[in-house]
file target-v1.cif (mmCIF, C-alpha atoms and all ligand atoms)
data_query
loop_
_atom_site.label_atom_id
_atom_site.label_comp_id
_atom_site.auth_asym_id
_atom_site.auth_seq_id
_atom_site.Cartn_x
_atom_site.Cartn_y
_atom_site.Cartn_z
CA MET A 380 88.44 -16.70 -4.84
CA LYS A 381 89.56 -16.63 -8.47
CA GLU A 382 88.19 -13.63 -10.34
CA VAL A 383 89.02 -12.07 -13.72
CA LYS A 384 88.18 -8.67 -15.14
CA VAL A 385 88.41 -7.80 -18.83
CA PHE A 386 87.98 -4.72 -21.01
CA ALA A 387 86.62 -4.73 -24.57
CA PRO A 388 86.75 -1.48 -26.56
CA ALA A 389 84.18 0.46 -28.56
CA SER A 390 84.52 0.30 -32.32
CA VAL A 391 83.67 2.14 -35.53
CA ALA A 392 81.99 -0.14 -38.05
CA ASN A 393 81.67 0.32 -41.82
CA LEU A 394 84.38 3.03 -42.10
CA ALA A 395 82.22 4.78 -44.70
CA VAL A 396 82.76 2.39 -47.60
CA GLY A 397 82.71 -1.07 -46.03
CA TYR A 398 79.16 -1.71 -44.84
CA ASP A 399 79.30 -4.79 -42.58
CA ILE A 400 82.86 -5.63 -43.70
CA LEU A 401 85.17 -2.95 -42.24
CA GLY A 402 85.72 -1.78 -38.67
CA LEU A 403 88.30 -0.39 -36.29
CA ALA A 404 88.74 -0.43 -32.52
CA LEU A 405 88.91 2.72 -30.37
CA ASP A 406 91.07 3.16 -27.26
CA SER A 407 88.03 4.15 -25.22
CA PRO A 408 85.29 3.92 -24.14
CA GLY A 409 84.85 0.18 -23.60
CA ASP A 410 82.86 -2.26 -21.49
CA GLU A 411 84.18 -4.28 -18.57
CA VAL A 412 83.11 -7.73 -17.43
CA VAL A 413 84.06 -9.44 -14.17
CA VAL A 414 83.72 -13.21 -13.83
CA ARG A 415 84.10 -15.37 -10.69
CA GLU A 416 82.89 -18.70 -9.37
CA GLY A 417 79.11 -18.82 -8.95
CA SER A 418 76.99 -20.71 -6.43
CA VAL A 419 74.59 -22.43 -8.86
CA PRO A 420 75.27 -24.33 -12.09
CA GLY A 421 75.50 -22.18 -15.23
CA ILE A 422 76.03 -18.45 -15.74
CA THR A 423 74.22 -15.97 -13.51
CA ILE A 424 74.39 -12.19 -13.84
CA SER A 425 74.92 -10.68 -10.39
CA LYS A 426 75.24 -7.02 -11.37
CA ILE A 427 74.93 -4.68 -14.35
CA THR A 428 76.02 -1.05 -14.05
CA GLY A 429 75.80 1.84 -16.52
CA ASP A 430 72.76 0.52 -18.41
CA LYS A 431 70.06 2.60 -16.71
CA GLY A 432 68.32 -0.67 -15.85
CA LEU A 433 67.66 -1.43 -19.51
CA LEU A 434 69.60 -4.66 -20.07
CA PRO A 435 68.16 -8.08 -19.28
CA THR A 436 69.69 -10.06 -16.40
CA ASP A 437 68.37 -13.34 -17.82
CA PRO A 438 71.61 -14.99 -19.04
CA ILE A 439 69.87 -16.29 -22.17
CA LYS A 440 68.70 -12.80 -23.15
CA ASN A 441 71.76 -10.76 -22.23
CA THR A 442 74.32 -10.31 -25.02
CA ALA A 443 77.41 -10.78 -22.82
CA SER A 444 76.24 -13.88 -20.99
CA PHE A 445 74.58 -15.40 -24.07
CA ALA A 446 77.87 -15.12 -25.97
CA ALA A 447 79.79 -16.62 -23.04
CA LEU A 448 77.25 -19.43 -22.88
CA GLN A 449 77.98 -20.34 -26.52
CA LEU A 450 81.65 -20.71 -25.58
CA LEU A 451 80.81 -22.85 -22.54
CA LYS A 452 78.52 -25.06 -24.65
CA HIS A 453 81.30 -25.51 -27.20
CA LEU A 454 83.61 -26.62 -24.37
CA GLY A 455 80.93 -28.88 -22.83
CA LYS A 456 81.00 -26.77 -19.63
CA GLU A 457 77.62 -25.04 -19.67
CA ASP A 458 76.89 -26.18 -16.10
CA LEU A 459 80.00 -24.62 -14.64
CA PRO A 460 78.89 -22.19 -11.89
CA ILE A 461 79.91 -18.72 -13.06
CA GLU A 462 78.86 -15.32 -11.75
CA MET A 463 79.16 -12.36 -14.13
CA GLU A 464 79.16 -8.59 -13.58
CA ILE A 465 78.74 -6.29 -16.58
CA HIS A 466 79.88 -2.67 -16.44
CA LYS A 467 78.58 -0.67 -19.40
CA LYS A 468 80.58 2.42 -20.25
CA MET A 469 78.50 3.50 -23.24
CA ALA A 470 74.80 3.73 -23.95
CA MET A 471 73.03 1.41 -26.36
CA GLY A 472 72.11 2.63 -29.84
CA THR A 473 75.10 4.99 -30.08
CA GLY A 474 76.90 3.59 -33.13
CA LEU A 475 79.94 2.86 -30.97
CA GLY A 476 79.54 -0.92 -31.00
CA SER A 477 78.13 -1.08 -27.47
CA SER A 478 76.53 -4.52 -27.74
CA ALA A 479 79.59 -5.88 -29.56
CA ALA A 480 81.87 -4.68 -26.74
CA SER A 481 79.65 -6.41 -24.15
CA SER A 482 79.52 -9.60 -26.18
CA VAL A 483 83.29 -9.65 -26.66
CA ALA A 484 83.92 -8.86 -22.99
CA GLY A 485 81.55 -11.65 -21.87
CA VAL A 486 83.23 -14.32 -23.99
CA TYR A 487 86.75 -13.09 -23.37
CA ALA A 488 86.19 -12.96 -19.59
CA VAL A 489 84.93 -16.53 -19.42
CA ASN A 490 87.73 -17.77 -21.69
CA ALA A 491 90.24 -15.97 -19.42
CA TYR A 492 88.56 -17.43 -16.31
CA LEU A 493 89.07 -20.90 -17.79
CA GLY A 494 92.76 -20.16 -18.45
CA HIS A 495 92.40 -19.22 -22.15
CA PRO A 496 91.60 -22.67 -23.60
CA LEU A 497 90.79 -21.00 -26.95
CA THR A 498 92.54 -18.27 -28.91
CA LYS A 499 90.94 -14.93 -29.73
CA ALA A 500 90.42 -16.12 -33.31
CA GLN A 501 88.57 -19.18 -32.01
CA ILE A 502 86.21 -17.19 -29.75
CA LEU A 503 85.27 -14.66 -32.45
CA LYS A 504 82.33 -16.82 -33.55
CA PHE A 505 80.76 -16.83 -30.07
CA SER A 506 81.13 -13.05 -29.77
CA VAL A 507 79.38 -12.57 -33.12
CA GLU A 508 76.56 -14.88 -31.98
CA GLY A 509 76.20 -12.71 -28.85
CA GLU A 510 75.93 -9.52 -30.87
CA GLN A 511 73.44 -11.16 -33.19
CA LYS A 512 71.23 -11.48 -30.11
CA ALA A 513 71.18 -7.66 -29.92
CA ASP A 514 70.51 -6.62 -33.52
CA GLY A 515 69.37 -9.83 -35.21
CA ALA A 516 72.06 -9.76 -37.90
CA TYR A 517 75.27 -11.81 -38.16
CA HIS A 518 78.15 -9.46 -38.91
CA ALA A 519 81.56 -9.06 -37.28
CA ASP A 520 82.48 -5.47 -38.21
CA ASN A 521 82.17 -4.28 -34.56
CA VAL A 522 82.95 -7.54 -32.79
CA ALA A 523 86.17 -8.41 -34.66
CA PRO A 524 87.94 -5.08 -34.01
CA SER A 525 86.71 -5.00 -30.41
CA LEU A 526 88.15 -8.48 -29.82
CA LEU A 527 91.30 -8.31 -31.92
CA GLY A 528 92.05 -4.58 -32.15
CA GLY A 529 93.21 -2.64 -35.20
CA ILE A 530 91.46 -2.16 -38.53
CA ILE A 531 89.70 -5.29 -39.75
CA LEU A 532 88.44 -6.29 -43.20
CA ILE A 533 85.91 -9.10 -43.36
CA ARG A 534 85.95 -11.04 -46.62
CA SER A 535 82.98 -13.12 -45.51
CA ASN A 536 80.79 -12.73 -42.44
CA THR A 537 79.42 -16.22 -43.02
CA ASP A 538 82.87 -17.83 -42.82
CA LEU A 539 84.30 -15.16 -40.50
CA ASP A 540 87.20 -14.86 -42.91
CA ILE A 541 88.92 -11.75 -41.59
CA ILE A 542 92.04 -9.80 -42.49
CA GLN A 543 93.91 -7.47 -40.12
CA LEU A 544 94.87 -4.38 -42.14
CA PRO A 545 97.96 -2.23 -41.61
CA ILE A 546 97.53 1.06 -39.72
CA PRO A 547 99.45 4.03 -41.07
CA LYS A 548 101.28 5.91 -38.31
CA GLY A 549 99.76 8.94 -36.64
CA LEU A 550 96.06 8.38 -37.36
CA TYR A 551 93.56 9.76 -34.86
CA ILE A 552 89.78 9.53 -34.80
CA ALA A 553 87.48 12.41 -33.83
CA MET A 554 84.22 10.95 -32.54
CA ILE A 555 80.96 12.87 -32.33
CA TYR A 556 78.10 11.26 -30.47
CA PRO A 557 74.88 13.31 -30.48
CA HIS A 558 72.60 12.16 -27.69
CA ILE A 559 69.89 10.53 -29.74
CA GLU A 560 69.27 6.81 -29.90
CA ILE A 561 69.19 4.96 -33.22
CA LEU A 562 68.55 1.26 -32.93
CA THR A 563 70.74 -0.73 -35.29
CA SER A 564 67.78 -2.85 -36.35
CA GLU A 565 65.89 0.33 -37.34
CA SER A 566 68.87 1.84 -39.11
CA ARG A 567 69.29 -1.39 -41.08
CA SER A 568 65.61 -1.67 -41.93
CA ILE A 569 65.53 1.64 -43.84
CA LEU A 570 68.23 0.49 -46.29
CA SER A 571 67.22 -0.44 -49.81
CA ASP A 572 68.34 -3.92 -50.84
CA LYS A 573 69.06 -2.65 -54.36
CA VAL A 574 72.28 -0.92 -55.45
CA GLY A 575 72.55 0.68 -58.88
CA LEU A 576 75.37 -0.50 -61.14
CA ASP A 577 77.13 2.91 -61.16
CA ASP A 578 77.11 3.03 -57.35
CA PHE A 579 78.31 -0.58 -57.19
CA ILE A 580 81.26 0.27 -59.43
CA GLY A 581 82.02 3.47 -57.49
CA GLN A 582 81.80 1.81 -54.09
CA THR A 583 83.91 -1.19 -55.13
CA GLY A 584 86.59 1.20 -56.38
CA ASN A 585 86.45 3.17 -53.15
CA ILE A 586 86.79 0.20 -50.83
CA ALA A 587 89.57 -1.39 -52.85
CA ALA A 588 91.43 1.93 -52.93
CA PHE A 589 90.85 2.48 -49.19
CA VAL A 590 92.50 -0.88 -48.44
CA ALA A 591 95.37 -0.02 -50.81
CA SER A 592 95.77 3.35 -49.06
CA LEU A 593 96.30 1.56 -45.72
CA TYR A 594 98.97 -0.70 -47.19
CA ASN A 595 100.74 2.24 -48.81
CA ALA A 596 100.10 4.79 -46.02
CA ASP A 597 98.75 7.02 -48.80
CA LEU A 598 96.55 9.55 -47.00
CA ASP A 599 95.54 11.40 -50.19
CA LEU A 600 94.22 8.17 -51.72
CA MET A 601 92.53 7.39 -48.39
CA SER A 602 90.79 10.74 -48.52
CA ARG A 603 89.54 10.20 -52.09
CA SER A 604 88.36 6.70 -51.14
CA LEU A 605 86.33 7.45 -48.01
CA ASN A 606 83.24 8.36 -49.97
CA ASP A 607 80.20 6.22 -49.24
CA LEU A 608 77.86 6.19 -52.24
CA VAL A 609 75.44 3.62 -50.87
CA ILE A 610 74.70 3.66 -47.13
CA GLU A 611 75.48 7.20 -45.92
CA PRO A 612 73.03 8.90 -48.31
CA GLN A 613 70.24 6.70 -46.95
CA ARG A 614 71.10 7.00 -43.25
CA ALA A 615 72.21 10.64 -43.02
CA LYS A 616 68.61 11.79 -42.64
CA LEU A 617 68.43 9.98 -39.28
CA ILE A 618 71.21 12.18 -37.86
CA PRO A 619 70.55 15.88 -37.19
CA GLU A 620 73.23 18.24 -38.61
CA PHE A 621 75.05 15.36 -40.36
CA TYR A 622 76.02 17.33 -43.48
CA ALA A 623 76.95 20.47 -41.51
CA LEU A 624 79.27 18.37 -39.32
CA LYS A 625 80.75 16.66 -42.36
CA GLU A 626 81.50 20.05 -43.88
CA ILE A 627 83.17 21.20 -40.64
CA ALA A 628 85.32 18.05 -40.51
CA LEU A 629 86.41 18.16 -44.15
CA PHE A 630 87.04 21.93 -44.04
CA ASN A 631 89.30 21.32 -41.02
CA GLN A 632 91.36 18.72 -42.91
CA ALA A 633 89.76 15.43 -41.90
CA ILE A 634 90.91 12.61 -44.18
CA GLY A 635 87.31 11.40 -44.24
CA PHE A 636 84.05 11.70 -42.34
CA SER A 637 81.03 9.43 -42.11
CA ILE A 638 78.56 7.64 -39.85
CA SER A 639 80.00 5.33 -37.19
CA GLY A 640 78.25 1.98 -37.57
CA ALA A 641 74.50 2.40 -37.64
CA GLY A 642 74.75 5.92 -36.11
CA PRO A 643 74.05 8.38 -34.63
CA SER A 644 77.78 8.70 -33.81
CA MET A 645 79.98 10.07 -36.55
CA PHE A 646 83.72 9.76 -37.03
CA ALA A 647 86.40 11.84 -38.70
CA LEU A 648 89.62 10.08 -39.60
CA CYS A 649 92.50 12.52 -39.03
CA LYS A 650 96.19 12.54 -39.84
CA ASP A 651 97.18 13.93 -36.42
CA GLU A 652 95.87 14.66 -32.96
CA ALA A 653 95.73 18.45 -33.38
CA ILE A 654 93.36 18.14 -36.36
CA ALA A 655 91.17 15.68 -34.43
CA ASN A 656 91.02 18.07 -31.45
CA THR A 657 90.04 20.99 -33.69
CA ILE A 658 87.26 18.95 -35.32
CA VAL A 659 85.95 17.84 -31.94
CA ALA A 660 85.93 21.44 -30.61
CA LYS A 661 84.24 22.88 -33.71
CA SER A 662 81.67 20.09 -33.90
CA LYS A 663 80.82 20.50 -30.25
CA GLN A 664 80.40 24.24 -30.72
CA HIS A 665 78.13 23.69 -33.72
CA LEU A 666 75.98 21.17 -31.86
CA ASN A 667 75.77 23.47 -28.81
CA ASN A 668 74.58 26.29 -31.06
CA THR A 669 71.87 24.05 -32.48
CA GLY A 670 70.79 22.81 -29.04
CA ILE A 671 71.91 19.20 -29.49
CA ASP A 672 73.67 17.51 -26.55
CA ALA A 673 76.71 15.54 -27.61
CA ASP A 674 79.83 13.81 -26.39
CA CYS A 675 82.80 14.50 -28.61
CA PHE A 676 86.18 12.91 -28.05
CA VAL A 677 89.45 11.94 -29.68
CA SER A 678 90.84 8.41 -29.78
CA LYS A 679 93.73 6.58 -31.35
CA ILE A 680 93.16 3.25 -33.05
CA ASN A 681 93.36 0.52 -30.43
CA THR A 682 95.68 -2.24 -31.60
CA GLU A 683 95.15 -4.67 -28.72
CA GLY A 684 91.39 -5.23 -28.64
CA ALA A 685 90.06 -7.05 -25.59
CA VAL A 686 92.46 -7.26 -22.64
CA GLN A 687 92.47 -8.98 -19.26
CA LEU A 688 92.83 -6.33 -16.55
CA TYR A 689 93.46 -8.88 -13.77
N1 LIG B 701 77.50 -2.71 -40.07
C1 LIG B 701 76.51 -2.48 -39.07
C2 LIG B 701 75.49 -1.49 -39.60
C3 LIG B 701 77.16 -1.94 -37.84
O1 LIG B 701 75.93 -0.48 -40.16
O2 LIG B 701 74.29 -1.72 -39.49
C4 LIG B 701 76.21 -1.74 -36.70
O3 LIG B 701 75.91 -2.93 -36.07
#
call {"tool": "encode", "arguments": {"input": "target-v1.cif", "output": "structure tokens", "more": "lines below"}}
Ligand code: HSE
result
Amino acid sequence: MKEVKVFAPASVANLAVGYDILGLALDSPGDEVVVREGSVPGITISKITGDKGLLPTDPIKNTASFAALQLLKHLGKEDLPIEMEIHKKMAMGTGLGSSAASSVAGVYAVNAYLGHPLTKAQILKFSVEGEQKADGAYHADNVAPSLLGGIILIRSNTDLDIIQLPIPKGLYIAMIYPHIEILTSESRSILSDKVGLDDFIGQTGNIAAFVASLYNADLDLMSRSLNDLVIEPQRAKLIPEFYALKEIALFNQAIGFSISGAGPSMFALCKDEAIANTIVAKSKQHLNNTGIDADCFVSKINTEGAVQLY
């Protein structure tokens, strides 16, 4: 029987200065979805692993199947019998783009099962609709990098007008995931909808300069630019030891450090692997000393995005 399996990677959204409009893909972790012929019309979920029983198996409520259903509807094939297995490799509410990875994997798996009738660019919309199911907001800063790979700038979430940015050689990411759950919806709800003019000017300068630093591979400019004046100061209080960990990362030569997506994960952008390893080791030690469980790991930037494994 025909069966396909796909992988869609975790991602770091916002990248400090680009709330809802910047994101990058990690090499791992990532979610896997298997799709094969089903026995009844429509999508059914036959198995979910790694979710501690928390995710819905109703295909209308589950992010991965809901997203895939939007693709099938678009193709006029919503009655096609399809069985889906979802293998979660990261917890929800981590700031690693868990729901985005599931949504991307669901759509990409069904598109692959059908022989890739649409391109990745064409299925982006359905993946974003799937993620919207999880956090209620329509933004592609996790979904687009998970699907397409690389570092993505979104000019408009409404139009899904996205730009793939260049990646300077040698960059590594140190990821720190303290084991607390922050729901994206909660982390969004605490944000003020007002931004002062000085912060607006500062943040606009920072994001423009960050993009320029990628084009010019200018790591000093990148370092000066990764300074979030708007979102990080409001969300840092949700994350224990945030400022201590930031100090550790910057002292150990991180290019920049901030919250990954809606948190609680944090990321340090590093110019080489050795620096990323040092930051991971020192952060882990600090969190151990303060009694906070955490997963800390190093990743490169994933340039492929979602892939078909077989
Ligand atoms: N840009 C989003 C946020 C990413 O920070 O809320 C998490 O979904």
call {"tool": "atom_distance", "arguments": {"input": "target-v1.cif", "atom1": "atom CA of Ser506 of chain A", "atom2": "atom CA of Gly417 of chain A"}}
result
21.7 Å
call {"tool": "axis_aligned_box", "arguments": {"input": "target-v1.cif", "around": "segment 634-648 of chain A", "padding_each_side": "5 Å", "output": "lines of an AutoDock Vina configuration file"}}
result
center_x = 82.5
center_y = 7.3
center_z = -39.0
size_x = 26.9
size_y = 20.6
size_z = 20.4
call {"tool": "closest_atom_pairs", "arguments": {"input": "target-v1.cif", "of": "chain A", "to": "ligand LIG 701 (chain B)", "cutoff": "8 Å", "atoms": "all atoms listed in the file", "output": "Markdown table"}}
result
| residue | atom | partner | partner_atom | distance |
| --- | --- | --- | --- | --- |
| A:Ala392 | CA | B:LIG701 | C3 | 5.2 |
| A:Asn393 | CA | B:LIG701 | N1 | 5.4 |
| A:Tyr398 | CA | B:LIG701 | N1 | 5.1 |
| A:Asp399 | CA | B:LIG701 | N1 | 3.7 |
| A:Ile400 | CA | B:LIG701 | N1 | 7.1 |
| A:Leu401 | CA | B:LIG701 | N1 | 8.0 |
| A:Gly474 | CA | B:LIG701 | C4 | 6.5 |
| A:Gly476 | CA | B:LIG701 | O3 | 6.6 |
| A:Asp514 | CA | B:LIG701 | O3 | 7.0 |
| A:His518 | CA | B:LIG701 | N1 | 6.9 |
| A:Asp520 | CA | B:LIG701 | N1 | 6.0 |
| A:Asn521 | CA | B:LIG701 | C3 | 6.4 |
| A:Thr563 | CA | B:LIG701 | O2 | 5.6 |
| A:Ser564 | CA | B:LIG701 | O2 | 7.3 |
| A:Ser566 | CA | B:LIG701 | O2 | 6.5 |
| A:Arg567 | CA | B:LIG701 | O2 | 5.3 |
| A:Ser639 | CA | B:LIG701 | O1 | 7.7 |
| A:Gly640 | CA | B:LIG701 | C3 | 4.1 |
| A:Ala641 | CA | B:LIG701 | O1 | 4.1 |
| A:Gly642 | CA | B:LIG701 | O1 | 7.7 |
call {"tool": "residues_around", "arguments": {"input": "target-v1.cif", "residues": "segment 667-684 of chain A", "least_positions_apart": "2", "cutoff": "9 Å", "atoms": "all atoms listed in the file", "output": "PDB file with C-alpha atoms, in the frame of the given file"}}
result
ATOM      1  CA  PHE A 386      87.980  -4.720 -21.010  1.00  0.00           C
ATOM      2  CA  ALA A 387      86.620  -4.730 -24.570  1.00  0.00           C
ATOM      3  CA  PRO A 388      86.750  -1.480 -26.560  1.00  0.00           C
ATOM      4  CA  LEU A 403      88.300  -0.390 -36.290  1.00  0.00           C
ATOM      5  CA  ALA A 404      88.740  -0.430 -32.520  1.00  0.00           C
ATOM      6  CA  LEU A 405      88.910   2.720 -30.370  1.00  0.00           C
ATOM      7  CA  ASP A 406      91.070   3.160 -27.260  1.00  0.00           C
ATOM      8  CA  SER A 407      88.030   4.150 -25.220  1.00  0.00           C
ATOM      9  CA  ALA A 523      86.170  -8.410 -34.660  1.00  0.00           C
ATOM     10  CA  PRO A 524      87.940  -5.080 -34.010  1.00  0.00           C
ATOM     11  CA  SER A 525      86.710  -5.000 -30.410  1.00  0.00           C
ATOM     12  CA  LEU A 526      88.150  -8.480 -29.820  1.00  0.00           C
ATOM     13  CA  LEU A 527      91.300  -8.310 -31.920  1.00  0.00           C
ATOM     14  CA  GLY A 528      92.050  -4.580 -32.150  1.00  0.00           C
ATOM     15  CA  GLY A 529      93.210  -2.640 -35.200  1.00  0.00           C
ATOM     16  CA  ILE A 530      91.460  -2.160 -38.530  1.00  0.00           C
ATOM     17  CA  ILE A 546      97.530   1.060 -39.720  1.00  0.00           C
ATOM     18  CA  GLY A 549      99.760   8.940 -36.640  1.00  0.00           C
ATOM     19  CA  LEU A 550      96.060   8.380 -37.360  1.00  0.00           C
ATOM     20  CA  TYR A 551      93.560   9.760 -34.860  1.00  0.00           C
ATOM     21  CA  ILE A 552      89.780   9.530 -34.800  1.00  0.00           C
ATOM     22  CA  ALA A 553      87.480  12.410 -33.830  1.00  0.00           C
ATOM     23  CA  MET A 554      84.220  10.950 -32.540  1.00  0.00           C
ATOM     24  CA  ILE A 555      80.960  12.870 -32.330  1.00  0.00           C
ATOM     25  CA  TYR A 556      78.100  11.260 -30.470  1.00  0.00           C
ATOM     26  CA  PRO A 557      74.880  13.310 -30.480  1.00  0.00           C
ATOM     27  CA  HIS A 558      72.600  12.160 -27.690  1.00  0.00           C
ATOM     28  CA  ILE A 559      69.890  10.530 -29.740  1.00  0.00           C
ATOM     29  CA  PRO A 619      70.550  15.880 -37.190  1.00  0.00           C
ATOM     30  CA  GLU A 620      73.230  18.240 -38.610  1.00  0.00           C
ATOM     31  CA  GLU A 652      95.870  14.660 -32.960  1.00  0.00           C
ATOM     32  CA  ALA A 655      91.170  15.680 -34.430  1.00  0.00           C
ATOM     33  CA  ASN A 656      91.020  18.070 -31.450  1.00  0.00           C
ATOM     34  CA  VAL A 659      85.950  17.840 -31.940  1.00  0.00           C
ATOM     35  CA  ALA A 660      85.930  21.440 -30.610  1.00  0.00           C
ATOM     36  CA  SER A 662      81.670  20.090 -33.900  1.00  0.00           C
ATOM     37  CA  LYS A 663      80.820  20.500 -30.250  1.00  0.00           C
ATOM     38  CA  GLN A 664      80.400  24.240 -30.720  1.00  0.00           C
ATOM     39  CA  HIS A 665      78.130  23.690 -33.720  1.00  0.00           C
ATOM     40  CA  VAL A 686      92.460  -7.260 -22.640  1.00  0.00           C
TER      41      VAL A 686
END
call {"tool": "closest_residue", "arguments": {"input": "target-v1.cif", "among": "A:Met601, A:Ile541, A:Ala633, A:Ile610", "to": "Ser571 of chain A", "atoms": "all atoms listed in the file"}}
result
A:Ile610
call {"tool": "atom_distance", "arguments": {"input": "target-v1.cif", "atom1": "atom CA of Arg534 of chain A", "atom2": "atom CA of Ala488 of chain A"}}
result
27.1 Å
call {"tool": "atom_distance", "arguments": {"input": "target-v1.cif", "atom1": "atom CA of Asp458 of chain A", "atom2": "atom CA of Val522 of chain A"}}
result
25.7 Å
